[in-house]
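File shown here: final.cif, holding mmCIF, C-alpha atoms.
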```cif
data_data
loop_
_atom_site.label_atom_id
_atom_site.label_comp_id
_atom_site.auth_asym_id
_atom_site.auth_seq_id
_atom_site.Cartn_x
_atom_site.Cartn_y
_atom_site.Cartn_z
CA MET A 1 -5.87 29.71 21.97
CA SER A 2 -7.14 29.62 25.54
CA THR A 3 -9.80 27.33 26.90
CA SER A 4 -11.96 27.49 29.99
CA SER A 5 -10.34 24.40 31.52
CA ALA A 6 -6.81 23.89 32.79
CA LEU A 7 -7.27 20.11 32.37
CA LEU A 8 -8.12 20.53 28.71
CA GLU A 9 -5.37 23.10 28.24
CA ASN A 10 -2.84 20.70 29.73
CA ALA A 11 -3.95 17.70 27.67
CA VAL A 12 -3.87 19.77 24.46
CA GLU A 13 -0.39 20.98 25.31
CA GLN A 14 0.82 17.42 25.88
CA LEU A 15 -0.82 16.02 22.74
CA ALA A 16 0.78 18.86 20.76
CA THR A 17 4.22 17.54 21.75
CA LEU A 18 3.64 14.52 19.46
CA PRO A 19 5.58 14.79 16.20
CA GLY A 20 3.63 16.54 13.44
CA ILE A 21 0.74 17.55 15.73
CA GLY A 22 -0.16 21.22 16.13
CA ARG A 23 -2.45 22.75 18.72
CA ARG A 24 -5.51 22.63 16.49
CA THR A 25 -5.16 18.90 15.85
CA ALA A 26 -4.30 18.32 19.51
CA MET A 27 -7.56 20.03 20.47
CA ARG A 28 -9.47 17.75 18.09
CA MET A 29 -7.76 14.73 19.67
CA ALA A 30 -8.55 15.92 23.20
CA LEU A 31 -12.23 16.43 22.37
CA ASP A 32 -12.33 13.00 20.75
CA LEU A 33 -10.86 11.44 23.91
CA LEU A 34 -13.46 13.30 25.98
CA ARG A 35 -16.28 11.72 24.03
CA ARG A 36 -15.03 8.17 24.71
CA ASP A 37 -15.91 6.07 27.70
CA LEU A 38 -13.62 6.17 30.71
CA ALA A 39 -12.17 2.66 30.30
CA SER A 40 -11.15 3.34 26.71
CA VAL A 41 -9.22 6.49 27.68
CA GLN A 42 -7.59 4.64 30.58
CA ARG A 43 -6.45 1.91 28.16
CA PHE A 44 -5.04 4.61 25.89
CA SER A 45 -3.17 6.36 28.70
CA GLU A 46 -1.91 3.06 30.16
CA SER A 47 -0.56 1.78 26.85
CA VAL A 48 1.63 4.85 26.41
CA ARG A 49 2.88 4.85 30.01
CA ARG A 50 3.63 1.11 29.97
CA LEU A 51 5.42 1.34 26.63
CA ARG A 52 7.92 3.79 28.09
CA GLU A 53 8.12 2.25 31.57
CA GLU A 54 8.42 -1.40 30.62
CA VAL A 55 10.18 -1.24 27.27
CA ARG A 56 13.28 -3.39 26.88
CA TYR A 57 15.85 -3.64 24.14
CA CYS A 58 17.20 -6.90 22.75
CA GLY A 59 20.68 -7.53 24.17
CA GLU A 60 21.89 -8.68 20.75
CA CYS A 61 20.39 -6.39 18.11
CA CYS A 62 19.07 -3.48 20.25
CA ASN A 63 15.62 -3.90 18.68
CA ILE A 64 12.63 -3.20 20.91
CA SER A 65 11.65 -6.39 22.67
CA ASP A 66 9.54 -7.63 25.56
CA GLN A 67 12.25 -10.15 26.54
CA ASP A 68 16.03 -9.89 26.96
CA LEU A 69 16.44 -11.40 23.50
CA CYS A 70 14.04 -10.39 20.74
CA GLY A 71 12.01 -12.93 18.77
CA ILE A 72 14.22 -12.55 15.71
CA CYS A 73 17.55 -13.08 17.53
CA ALA A 74 16.07 -16.02 19.46
CA SER A 75 14.77 -17.78 16.34
CA PRO A 76 16.79 -20.79 15.11
CA ALA A 77 15.07 -20.39 11.73
CA ARG A 78 16.96 -17.14 11.00
CA ASP A 79 20.41 -16.97 9.39
CA HIS A 80 22.68 -15.90 12.26
CA GLY A 81 25.58 -15.22 9.87
CA LEU A 82 23.78 -12.28 8.26
CA VAL A 83 23.29 -8.95 10.08
CA CYS A 84 21.29 -6.08 8.57
CA VAL A 85 22.16 -2.65 9.99
CA VAL A 86 19.17 -0.25 10.19
CA GLU A 87 18.53 3.17 11.67
CA ASP A 88 15.57 2.41 13.92
CA VAL A 89 12.79 0.00 14.82
CA ARG A 90 10.55 1.26 12.01
CA ASP A 91 13.06 -0.03 9.49
CA VAL A 92 13.01 -3.50 11.06
CA VAL A 93 9.23 -3.53 10.67
CA ALA A 94 9.51 -2.32 7.05
CA ILE A 95 12.06 -5.00 6.10
CA GLU A 96 10.18 -7.76 7.94
CA ASN A 97 7.08 -6.83 5.95
CA THR A 98 8.90 -7.61 2.69
CA HIS A 99 9.35 -11.27 3.79
CA GLN A 100 12.60 -11.20 1.76
CA TYR A 101 15.11 -11.19 4.58
CA LYS A 102 15.90 -14.10 6.86
CA GLY A 103 18.96 -12.85 8.75
CA LEU A 104 19.30 -10.83 11.96
CA TYR A 105 19.27 -7.07 12.52
CA HIS A 106 21.29 -4.42 14.26
CA VAL A 107 19.43 -1.24 15.23
CA LEU A 108 21.85 1.71 15.34
CA GLY A 109 19.42 4.13 16.98
CA GLY A 110 20.15 6.88 14.45
CA VAL A 111 22.64 7.95 11.79
CA ILE A 112 25.75 10.12 12.01
CA SER A 113 24.59 13.73 11.65
CA PRO A 114 27.03 16.47 12.71
CA MET A 115 24.27 19.07 12.12
CA ASP A 116 22.17 17.44 14.84
CA GLY A 117 25.20 16.76 17.03
CA VAL A 118 25.02 12.98 16.49
CA GLY A 119 28.46 11.35 16.25
CA PRO A 120 29.48 7.67 15.92
CA GLU A 121 29.77 7.39 19.70
CA ASP A 122 26.05 8.22 20.06
CA LEU A 123 25.06 5.16 18.00
CA ARG A 124 25.20 1.47 18.93
CA ILE A 125 28.28 0.89 16.78
CA ALA A 126 30.54 -0.58 19.50
CA ARG A 127 27.94 -3.31 20.08
CA LEU A 128 27.84 -4.03 16.33
CA LEU A 129 31.64 -4.39 16.16
CA GLU A 130 31.49 -6.68 19.21
CA ARG A 131 28.90 -8.89 17.46
CA VAL A 132 31.00 -9.01 14.30
CA GLY A 133 34.14 -9.68 16.37
CA SER A 134 32.57 -12.83 17.83
CA GLY A 135 33.21 -14.53 14.47
CA MET A 136 29.61 -15.68 13.96
CA VAL A 137 28.83 -13.02 11.36
CA ARG A 138 29.55 -13.68 7.67
CA GLU A 139 28.05 -10.58 6.06
CA VAL A 140 26.81 -7.19 7.20
CA VAL A 141 24.07 -5.62 5.03
CA LEU A 142 23.91 -1.82 5.32
CA ALA A 143 20.26 -0.76 4.98
CA LEU A 144 20.32 2.92 5.88
CA GLY A 145 18.41 5.70 4.10
CA ALA A 146 19.93 7.07 0.88
CA THR A 147 20.56 10.46 2.46
CA LEU A 148 23.75 12.39 3.14
CA GLU A 149 23.66 11.22 6.77
CA GLY A 150 22.90 7.62 5.77
CA ASP A 151 25.78 7.61 3.29
CA THR A 152 28.19 9.11 5.83
CA THR A 153 27.22 6.44 8.32
CA CYS A 154 27.64 3.65 5.73
CA PHE A 155 31.09 4.99 4.83
CA TYR A 156 32.12 5.08 8.48
CA LEU A 157 30.72 1.60 9.21
CA HIS A 158 32.38 0.13 6.12
CA ARG A 159 35.76 1.43 7.28
CA ARG A 160 35.30 0.06 10.81
CA LEU A 161 33.88 -3.29 9.68
CA ARG A 162 36.67 -3.86 7.14
CA GLU A 163 39.11 -4.24 10.04
CA HIS A 164 37.15 -7.33 11.10
CA GLY A 165 37.38 -8.95 7.67
CA VAL A 166 33.61 -9.33 7.31
CA ALA A 167 31.81 -8.93 3.98
CA VAL A 168 29.92 -5.62 3.83
CA SER A 169 27.09 -5.03 1.34
CA GLN A 170 24.58 -2.24 0.81
CA ILE A 171 20.96 -2.53 -0.30
CA ALA A 172 20.40 -1.69 -4.00
CA ARG A 173 19.54 1.81 -5.12
CA GLY A 174 17.60 2.36 -8.33
CA ILE A 175 14.17 3.13 -9.69
CA SER A 176 11.10 2.08 -7.72
CA ILE A 177 9.12 -0.89 -8.90
CA GLY A 178 5.97 0.42 -10.59
CA GLY A 179 7.71 3.77 -11.18
CA ASP A 180 7.85 5.85 -14.37
CA LEU A 181 11.30 6.90 -15.63
CA GLU A 182 9.90 10.36 -16.25
CA HIS A 183 9.33 10.98 -12.54
CA VAL A 184 12.62 9.62 -11.22
CA ASP A 185 15.20 12.20 -10.11
CA GLU A 186 18.46 12.31 -12.10
CA LEU A 187 20.67 11.05 -9.29
CA THR A 188 18.63 7.89 -8.81
CA LEU A 189 18.24 7.31 -12.55
CA GLY A 190 21.98 7.86 -13.14
CA ARG A 191 22.79 5.44 -10.35
CA SER A 192 20.38 2.82 -11.70
CA ILE A 193 22.11 3.00 -15.11
CA ALA A 194 25.59 2.73 -13.62
CA ASP A 195 24.45 -0.23 -11.47
CA ARG A 196 22.66 -2.07 -14.31
CA LYS A 197 22.58 -5.87 -14.13
CA PRO A 198 22.53 -8.58 -16.85
CA TYR A 199 18.84 -9.00 -17.82
CA GLU A 200 18.75 -12.71 -16.98
CA GLN A 201 19.95 -11.93 -13.48
CA SER A 202 17.61 -8.94 -13.07
CA VAL A 203 14.39 -10.88 -13.84
CA LYS A 204 15.42 -14.04 -12.00
CA ARG A 205 13.11 -13.67 -9.02
CA MET B 1 2.75 -4.36 10.15
CA SER B 2 4.00 -6.47 13.03
CA THR B 3 6.62 -5.52 15.55
CA SER B 4 8.75 -7.57 17.90
CA SER B 5 7.12 -6.10 21.02
CA ALA B 6 3.57 -6.49 22.29
CA LEU B 7 4.01 -3.27 24.31
CA LEU B 8 4.89 -1.31 21.17
CA GLU B 9 2.15 -3.04 19.19
CA ASN B 10 -0.40 -2.07 21.82
CA ALA B 11 0.73 1.56 22.07
CA VAL B 12 0.68 1.94 18.27
CA GLU B 13 -2.80 0.46 18.16
CA GLN B 14 -4.04 2.90 20.80
CA LEU B 15 -2.38 5.95 19.23
CA ALA B 16 -3.94 4.97 15.89
CA THR B 17 -7.40 5.40 17.46
CA LEU B 18 -6.82 9.16 17.56
CA PRO B 19 -8.73 11.00 14.81
CA GLY B 20 -6.74 11.33 11.57
CA ILE B 21 -3.88 9.12 12.77
CA GLY B 22 -2.97 5.98 10.81
CA ARG B 23 -0.69 3.16 11.91
CA ARG B 24 2.38 4.65 10.26
CA THR B 25 2.02 7.98 12.07
CA ALA B 26 1.14 6.16 15.29
CA MET B 27 4.41 4.22 15.01
CA ARG B 28 6.32 7.48 14.57
CA MET B 29 4.58 8.85 17.68
CA ALA B 30 5.35 5.73 19.72
CA LEU B 31 9.05 5.84 18.78
CA ASP B 32 9.14 9.54 19.64
CA LEU B 33 7.62 8.79 23.06
CA LEU B 34 10.22 6.05 23.56
CA ARG B 35 13.05 8.50 23.03
CA ARG B 36 11.77 10.85 25.75
CA ASP B 37 12.63 10.63 29.42
CA LEU B 38 10.30 8.71 31.69
CA ALA B 39 8.86 11.72 33.54
CA SER B 40 7.86 13.41 30.28
CA VAL B 41 5.93 10.35 29.08
CA GLN B 42 4.28 9.99 32.48
CA ARG B 43 3.15 13.64 32.28
CA PHE B 44 1.76 12.92 28.81
CA SER B 45 -0.12 9.81 29.92
CA GLU B 46 -1.41 11.50 33.10
CA SER B 47 -2.72 14.58 31.29
CA VAL B 48 -4.90 12.43 29.02
CA ARG B 49 -6.18 10.22 31.83
CA ARG B 50 -6.95 13.16 34.12
CA LEU B 51 -8.71 15.06 31.33
CA ARG B 52 -11.21 12.25 30.94
CA GLU B 53 -11.47 11.31 34.62
CA GLU B 54 -11.76 14.76 36.15
CA VAL B 55 -13.48 16.73 33.42
CA ARG B 56 -16.58 18.70 34.40
CA TYR B 57 -19.11 20.62 32.39
CA CYS B 58 -20.43 24.04 33.32
CA GLY B 59 -23.94 23.70 34.79
CA GLU B 60 -25.10 26.73 32.80
CA CYS B 61 -23.58 26.56 29.33
CA CYS B 62 -22.29 22.94 29.19
CA ASN B 63 -18.81 24.21 28.27
CA ILE B 64 -15.84 22.24 29.63
CA SER B 65 -14.89 23.64 32.99
CA ASP B 66 -12.81 22.80 36.04
CA GLN B 67 -15.56 24.19 38.34
CA ASP B 68 -19.32 23.76 38.47
CA LEU B 69 -19.68 27.10 36.71
CA CYS B 70 -17.24 28.01 33.93
CA GLY B 71 -15.19 31.21 33.99
CA ILE B 72 -17.37 32.81 31.32
CA CYS B 73 -20.71 32.12 33.04
CA ALA B 74 -19.25 33.22 36.39
CA SER B 75 -17.90 36.50 35.04
CA PRO B 76 -19.93 39.64 35.94
CA ALA B 77 -18.16 41.43 33.06
CA ARG B 78 -20.03 39.38 30.44
CA ASP B 79 -23.47 40.25 29.05
CA HIS B 80 -25.77 37.66 30.63
CA GLY B 81 -28.65 38.64 28.31
CA LEU B 82 -26.82 37.32 25.23
CA VAL B 83 -26.35 33.57 24.59
CA CYS B 84 -24.34 32.24 21.66
CA VAL B 85 -25.24 28.67 20.61
CA VAL B 86 -22.27 26.65 19.32
CA GLU B 87 -21.66 23.03 18.35
CA ASP B 88 -18.73 22.23 20.63
CA VAL B 89 -15.93 23.53 22.86
CA ARG B 90 -13.65 24.26 19.89
CA ASP B 91 -16.13 26.86 18.68
CA VAL B 92 -16.11 28.60 22.06
CA VAL B 93 -12.32 28.83 21.81
CA ALA B 94 -12.54 30.12 18.23
CA ILE B 95 -15.08 32.83 19.12
CA GLU B 96 -13.23 33.85 22.29
CA ASN B 97 -10.09 34.32 20.20
CA THR B 98 -11.88 36.97 18.09
CA HIS B 99 -12.35 39.16 21.22
CA GLN B 100 -15.56 40.40 19.56
CA TYR B 101 -18.12 38.68 21.75
CA LYS B 102 -18.92 39.55 25.36
CA GLY B 103 -22.00 37.42 26.01
CA LEU B 104 -22.39 33.85 27.28
CA TYR B 105 -22.38 30.55 25.38
CA HIS B 106 -24.43 27.41 25.07
CA VAL B 107 -22.57 24.29 23.90
CA LEU B 108 -25.01 21.96 22.12
CA GLY B 109 -22.62 19.02 21.91
CA GLY B 110 -23.30 18.41 18.20
CA VAL B 111 -25.77 19.25 15.46
CA ILE B 112 -28.89 17.45 14.26
CA SER B 113 -27.75 14.82 11.77
CA PRO B 114 -30.21 12.05 10.88
CA MET B 115 -27.47 10.34 8.82
CA ASP B 116 -25.37 9.90 11.99
CA GLY B 117 -28.41 9.12 14.10
CA VAL B 118 -28.23 12.41 16.02
CA GLY B 119 -31.66 13.87 16.81
CA PRO B 120 -32.66 16.98 18.81
CA GLU B 121 -33.01 14.86 21.97
CA ASP B 122 -29.28 13.94 21.76
CA LEU B 123 -28.26 17.61 22.05
CA ARG B 124 -28.39 19.95 25.05
CA ILE B 125 -31.46 21.75 23.69
CA ALA B 126 -33.74 21.23 26.72
CA ARG B 127 -31.15 23.00 28.89
CA LEU B 128 -30.99 25.90 26.38
CA LEU B 129 -34.78 26.32 26.45
CA GLU B 130 -34.67 26.23 30.25
CA ARG B 131 -32.05 29.01 30.29
CA VAL B 132 -34.12 31.08 27.86
CA GLY B 133 -37.27 30.35 29.86
CA SER B 134 -35.74 31.88 33.00
CA GLY B 135 -36.33 35.32 31.41
CA MET B 136 -32.72 36.50 31.76
CA VAL B 137 -31.90 36.02 28.07
CA ARG B 138 -32.58 38.85 25.59
CA GLU B 139 -31.06 37.40 22.42
CA VAL B 140 -29.84 34.02 21.21
CA VAL B 141 -27.08 34.10 18.55
CA LEU B 142 -26.92 30.96 16.43
CA ALA B 143 -23.26 30.29 15.55
CA LEU B 144 -23.35 26.85 13.95
CA GLY B 145 -21.43 25.74 10.85
CA ALA B 146 -22.90 26.68 7.46
CA THR B 147 -23.55 23.04 6.59
CA LEU B 148 -26.77 21.15 5.91
CA GLU B 149 -26.73 19.82 9.49
CA GLY B 150 -25.94 23.24 10.94
CA ASP B 151 -28.79 24.83 8.96
CA THR B 152 -31.23 22.09 10.01
CA THR B 153 -30.29 22.64 13.63
CA CYS B 154 -30.68 26.42 13.32
CA PHE B 155 -34.12 25.97 11.76
CA TYR B 156 -35.19 23.64 14.56
CA LEU B 157 -33.79 25.92 17.29
CA HIS B 158 -35.40 28.99 15.77
CA ARG B 159 -38.82 27.30 15.84
CA ARG B 160 -38.40 26.18 19.47
CA LEU B 161 -36.95 29.49 20.66
CA ARG B 162 -39.70 31.54 19.01
CA GLU B 163 -42.19 30.05 21.49
CA HIS B 164 -40.23 31.79 24.26
CA GLY B 165 -40.42 35.20 22.58
CA VAL B 166 -36.63 35.69 22.58
CA ALA B 167 -34.78 37.44 19.73
CA VAL B 168 -32.91 34.92 17.55
CA SER B 169 -30.03 35.96 15.26
CA GLN B 170 -27.53 34.08 13.13
CA ILE B 171 -23.88 34.96 12.48
CA ALA B 172 -23.28 36.58 9.06
CA ARG B 173 -22.41 34.50 6.02
CA GLY B 174 -20.42 36.04 3.20
CA ILE B 175 -16.98 36.24 1.66
CA SER B 176 -13.96 35.81 3.92
CA ILE B 177 -11.94 38.87 4.83
CA GLY B 178 -8.77 38.86 2.72
CA GLY B 179 -10.51 36.60 0.18
CA ASP B 180 -10.56 36.94 -3.62
CA LEU B 181 -13.99 36.93 -5.31
CA GLU B 182 -12.58 34.56 -7.91
CA HIS B 183 -12.08 31.77 -5.37
CA VAL B 184 -15.39 32.08 -3.54
CA ASP B 185 -17.99 29.37 -4.28
CA GLU B 186 -21.20 30.55 -5.98
CA LEU B 187 -23.49 29.84 -3.00
CA THR B 188 -21.45 32.00 -0.66
CA LEU B 189 -21.00 34.77 -3.23
CA GLY B 190 -24.71 34.72 -4.06
CA ARG B 191 -25.59 34.92 -0.39
CA SER B 192 -23.15 37.77 0.18
CA ILE B 193 -24.82 39.77 -2.63
CA ALA B 194 -28.32 39.10 -1.33
CA ASP B 195 -27.23 40.08 2.21
CA ARG B 196 -25.37 43.26 1.16
CA LYS B 197 -25.30 46.13 3.65
CA PRO B 198 -25.20 49.94 3.18
CA TYR B 199 -21.52 50.84 2.72
CA GLU B 200 -21.44 53.22 5.70
CA GLN B 201 -22.71 50.44 7.94
CA SER B 202 -20.37 47.85 6.43
CA VAL B 203 -17.13 49.82 7.06
CA LYS B 204 -18.23 51.21 10.46
CA ARG B 205 -15.99 49.02 12.58
#
```
Show me this structure written as structure tokens.
Amino acid sequence: MSTSSALLENAVEQLATLPGIGRRTAMRMALDLLRRDLASVQRFSESVRRLREEVRYCGECCNISDQDLCGICASPARDHGLVCVVEDVRDVVAIENTHQYKGLYHVLGGVISPMDGVGPEDLRIARLLERVGSGMVREVVLALGATLEGDTTCFYLHRRLREHGVAVSQIARGISIGGDLEHVDELTLGRSIADRKPYEQSVKR
Amino acid sequence: MSTSSALLENAVEQLATLPGIGRRTAMRMALDLLRRDLASVQRFSESVRRLREEVRYCGECCNISDQDLCGICASPARDHGLVCVVEDVRDVVAIENTHQYKGLYHVLGGVISPMDGVGPEDLRIARLLERVGSGMVREVVLALGATLEGDTTCFYLHRRLREHGVAVSQIARGISIGGDLEHVDELTLGRSIADRKPYEQSVKR
């Protein structure tokens, strides 16, 4: 694909670096941006540049934050004895949206994945152990994806956290709410049977 | 969805204005941009801003161009007696990629669509008639989409162009090359039967 404009060519090339965006979609985006008024495109361009230039990470939980301490870590209304370990910022947003969790977070910045060359030293694990070592933390909740890499990371974290004598839990795995048994994979269904709970306890909430 | 950072919130909101991008994908894009080095994100942001700020349109064919006259209109190797009318820049790219067309273009900037409030006066039709009126143009090829709006626009253009005594043609409609008859819709198949060509002529190229 070649266009008559180096400016357009360049913008398409840059837009195509976004995850999941091919050249055809990038071209559609570029033409859409061209149709907008100048101020709107400047706002768009600014927002992306400022995000990367001015971004800060919370000194406690490594979550994205505009201050040195994020809103969650700074809140006296949260349970500071509970720390939920997640892979990235998206997971914080997802858990916050459930309104079921009132503790703090710890954003690892990834999971252990030898295939991608990510080892424990590439994640913010030392900072987690430091937080736990301070004695403020009662329980660490592991909330990583139920993948091979997530499980490996949980196993590693559990071993490291045990040394600090902190309680370590993992979020429940089982069938989705609203889901048919018929469409659940065998691993999940098997796990949900093995992890069954007394009915009274299961319907409590 | 609410995040702990106004910067992130703002970038996600802006990325979600791109066509076909929802908030979830925009969040994935923002986190991807955050992981890149600063210079790469600045290049990204710059390319979009410059596209909109510095873009120019060819004075002849209204195609996007970095000069006053685009490379196609400026080329002596192209047939200046042939003008292909297209909806937008994407179509120029698509036709150029076929390497089958050696004439010039005219980018309308849309098609007539009363539903979207687009009338003939919103398109670059006056400029097309001016070009045809100069006497240099031998044939106008209508290459608009085979939609209701495309057909309406072709009908309108044909009527206006006829006054100038120029030959008007339309690109062929029929079954796709490599396509099964079974999967072709009835309208297209019917049209391809009505528009059949002598076999010798059909396999010539």
Requested in this report: Might you pull out every residue within 9 Å of Cys154 in chain A, with all atoms listed in the file counted and same-chain residues fewer than 3 positions away left off, and present them as number ranges by chain?
Outcome: A: 111, 142-144, 149-151, 157-159, 170
Picked residues, the PyMOL selection byres ((chain B and resi 110) around 7), expected as a PDB file with C-alpha atoms, keeping the file's coordinate frame:
```pdb
ATOM      1  CA  GLU B  87     -21.660  23.030  18.350  1.00  0.00           C
ATOM      2  CA  ASP B  88     -18.730  22.230  20.630  1.00  0.00           C
ATOM      3  CA  LEU B 108     -25.010  21.960  22.120  1.00  0.00           C
ATOM      4  CA  GLY B 109     -22.620  19.020  21.910  1.00  0.00           C
ATOM      5  CA  VAL B 111     -25.770  19.250  15.460  1.00  0.00           C
ATOM      6  CA  ILE B 112     -28.890  17.450  14.260  1.00  0.00           C
ATOM      7  CA  LEU B 123     -28.260  17.610  22.050  1.00  0.00           C
TER       8      LEU B 123
END
```
Query raised in the report: If the PyMOL selection byres ((chain A and resi 16) around 12) is run on the structure shown, which residues does it catch, given as JSON, numbers by chain?
Result: {"A": [9, 10, 11, 12, 13, 14, 15, 17, 18, 19, 20, 21, 22, 23, 24, 25, 26, 27, 28, 29, 30], "B": [29, 44, 47, 48]}
Query - Hits from the PyMOL selection byres ((chain A and resi 135) around 12), listed as an MDAnalysis selection string - result: chainID A and resid 80:82 128:134 136:139 164:167
Take the residues from that selection and put them in a file with C-alpha atoms, as a PDB file, keeping the file's coordinate frame.
```pdb
ATOM      1  CA  HIS A  80      22.680 -15.900  12.260  1.00  0.00           C
ATOM      2  CA  GLY A  81      25.580 -15.220   9.870  1.00  0.00           C
ATOM      3  CA  LEU A  82      23.780 -12.280   8.260  1.00  0.00           C
ATOM      4  CA  LEU A 128      27.840  -4.030  16.330  1.00  0.00           C
ATOM      5  CA  LEU A 129      31.640  -4.390  16.160  1.00  0.00           C
ATOM      6  CA  GLU A 130      31.490  -6.680  19.210  1.00  0.00           C
ATOM      7  CA  ARG A 131      28.900  -8.890  17.460  1.00  0.00           C
ATOM      8  CA  VAL A 132      31.000  -9.010  14.300  1.00  0.00           C
ATOM      9  CA  GLY A 133      34.140  -9.680  16.370  1.00  0.00           C
ATOM     10  CA  SER A 134      32.570 -12.830  17.830  1.00  0.00           C
ATOM     11  CA  MET A 136      29.610 -15.680  13.960  1.00  0.00           C
ATOM     12  CA  VAL A 137      28.830 -13.020  11.360  1.00  0.00           C
ATOM     13  CA  ARG A 138      29.550 -13.680   7.670  1.00  0.00           C
ATOM     14  CA  GLU A 139      28.050 -10.580   6.060  1.00  0.00           C
ATOM     15  CA  HIS A 164      37.150  -7.330  11.100  1.00  0.00           C
ATOM     16  CA  GLY A 165      37.380  -8.950   7.670  1.00  0.00           C
ATOM     17  CA  VAL A 166      33.610  -9.330   7.310  1.00  0.00           C
ATOM     18  CA  ALA A 167      31.810  -8.930   3.980  1.00  0.00           C
TER      19      ALA A 167
END
```
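Distance-wise, CA of Val83 in chain B and CA of Val140 in chain B end up 4.9 Å apart.
Minimum atom-to-atom distances from A:Val93, A:Val141, A:Ala39, A:Cys62 to chain B were compared using all atoms listed in the file, and the lowest value belongs to A:Val93.
Atom pair CA of Cys84 in chain B / CA of Lys102 in chain B: separated by 9.8 Å.
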When you write range 71-85 of chain B out from the block above, keep N, CA and C atoms and present the result as a compact mmCIF listing (two decimals), in the first residue's frame, please.
```txt
# COMPACT_ATOMS: atom_id res chain seq x y z
N GLY B 71 1.64 13.67 -6.81
CA GLY B 71 2.58 12.96 -7.68
C GLY B 71 1.92 12.39 -8.93
N ILE B 72 0.65 12.01 -8.80
CA ILE B 72 -0.05 11.42 -9.94
C ILE B 72 -0.38 12.49 -10.97
N CYS B 73 -0.94 13.62 -10.50
CA CYS B 73 -1.31 14.71 -11.42
C CYS B 73 -0.07 15.34 -12.06
N ALA B 74 1.06 15.30 -11.34
CA ALA B 74 2.29 15.93 -11.85
C ALA B 74 3.04 15.03 -12.82
N SER B 75 2.65 13.74 -12.87
CA SER B 75 3.42 12.79 -13.66
C SER B 75 3.10 12.89 -15.15
N PRO B 76 4.09 13.07 -16.03
CA PRO B 76 3.83 13.11 -17.47
C PRO B 76 3.57 11.70 -18.02
N ALA B 77 3.86 10.67 -17.21
CA ALA B 77 3.67 9.29 -17.66
C ALA B 77 2.21 8.86 -17.57
N ARG B 78 1.36 9.64 -16.89
CA ARG B 78 -0.04 9.25 -16.74
C ARG B 78 -0.87 9.82 -17.89
N ASP B 79 -1.98 9.18 -18.19
CA ASP B 79 -2.89 9.63 -19.24
C ASP B 79 -3.77 10.75 -18.69
N HIS B 80 -3.51 11.98 -19.09
CA HIS B 80 -4.24 13.12 -18.55
C HIS B 80 -5.63 13.29 -19.17
N GLY B 81 -5.99 12.41 -20.12
CA GLY B 81 -7.32 12.48 -20.73
C GLY B 81 -8.33 11.60 -20.01
N LEU B 82 -7.85 10.85 -19.00
CA LEU B 82 -8.68 9.86 -18.30
C LEU B 82 -8.76 10.26 -16.84
N VAL B 83 -9.98 10.43 -16.30
CA VAL B 83 -10.14 10.81 -14.89
C VAL B 83 -11.03 9.79 -14.19
N CYS B 84 -10.53 9.21 -13.12
CA CYS B 84 -11.29 8.21 -12.37
C CYS B 84 -11.85 8.87 -11.10
N VAL B 85 -13.18 8.85 -10.97
CA VAL B 85 -13.84 9.49 -9.83
C VAL B 85 -13.99 8.48 -8.70
```
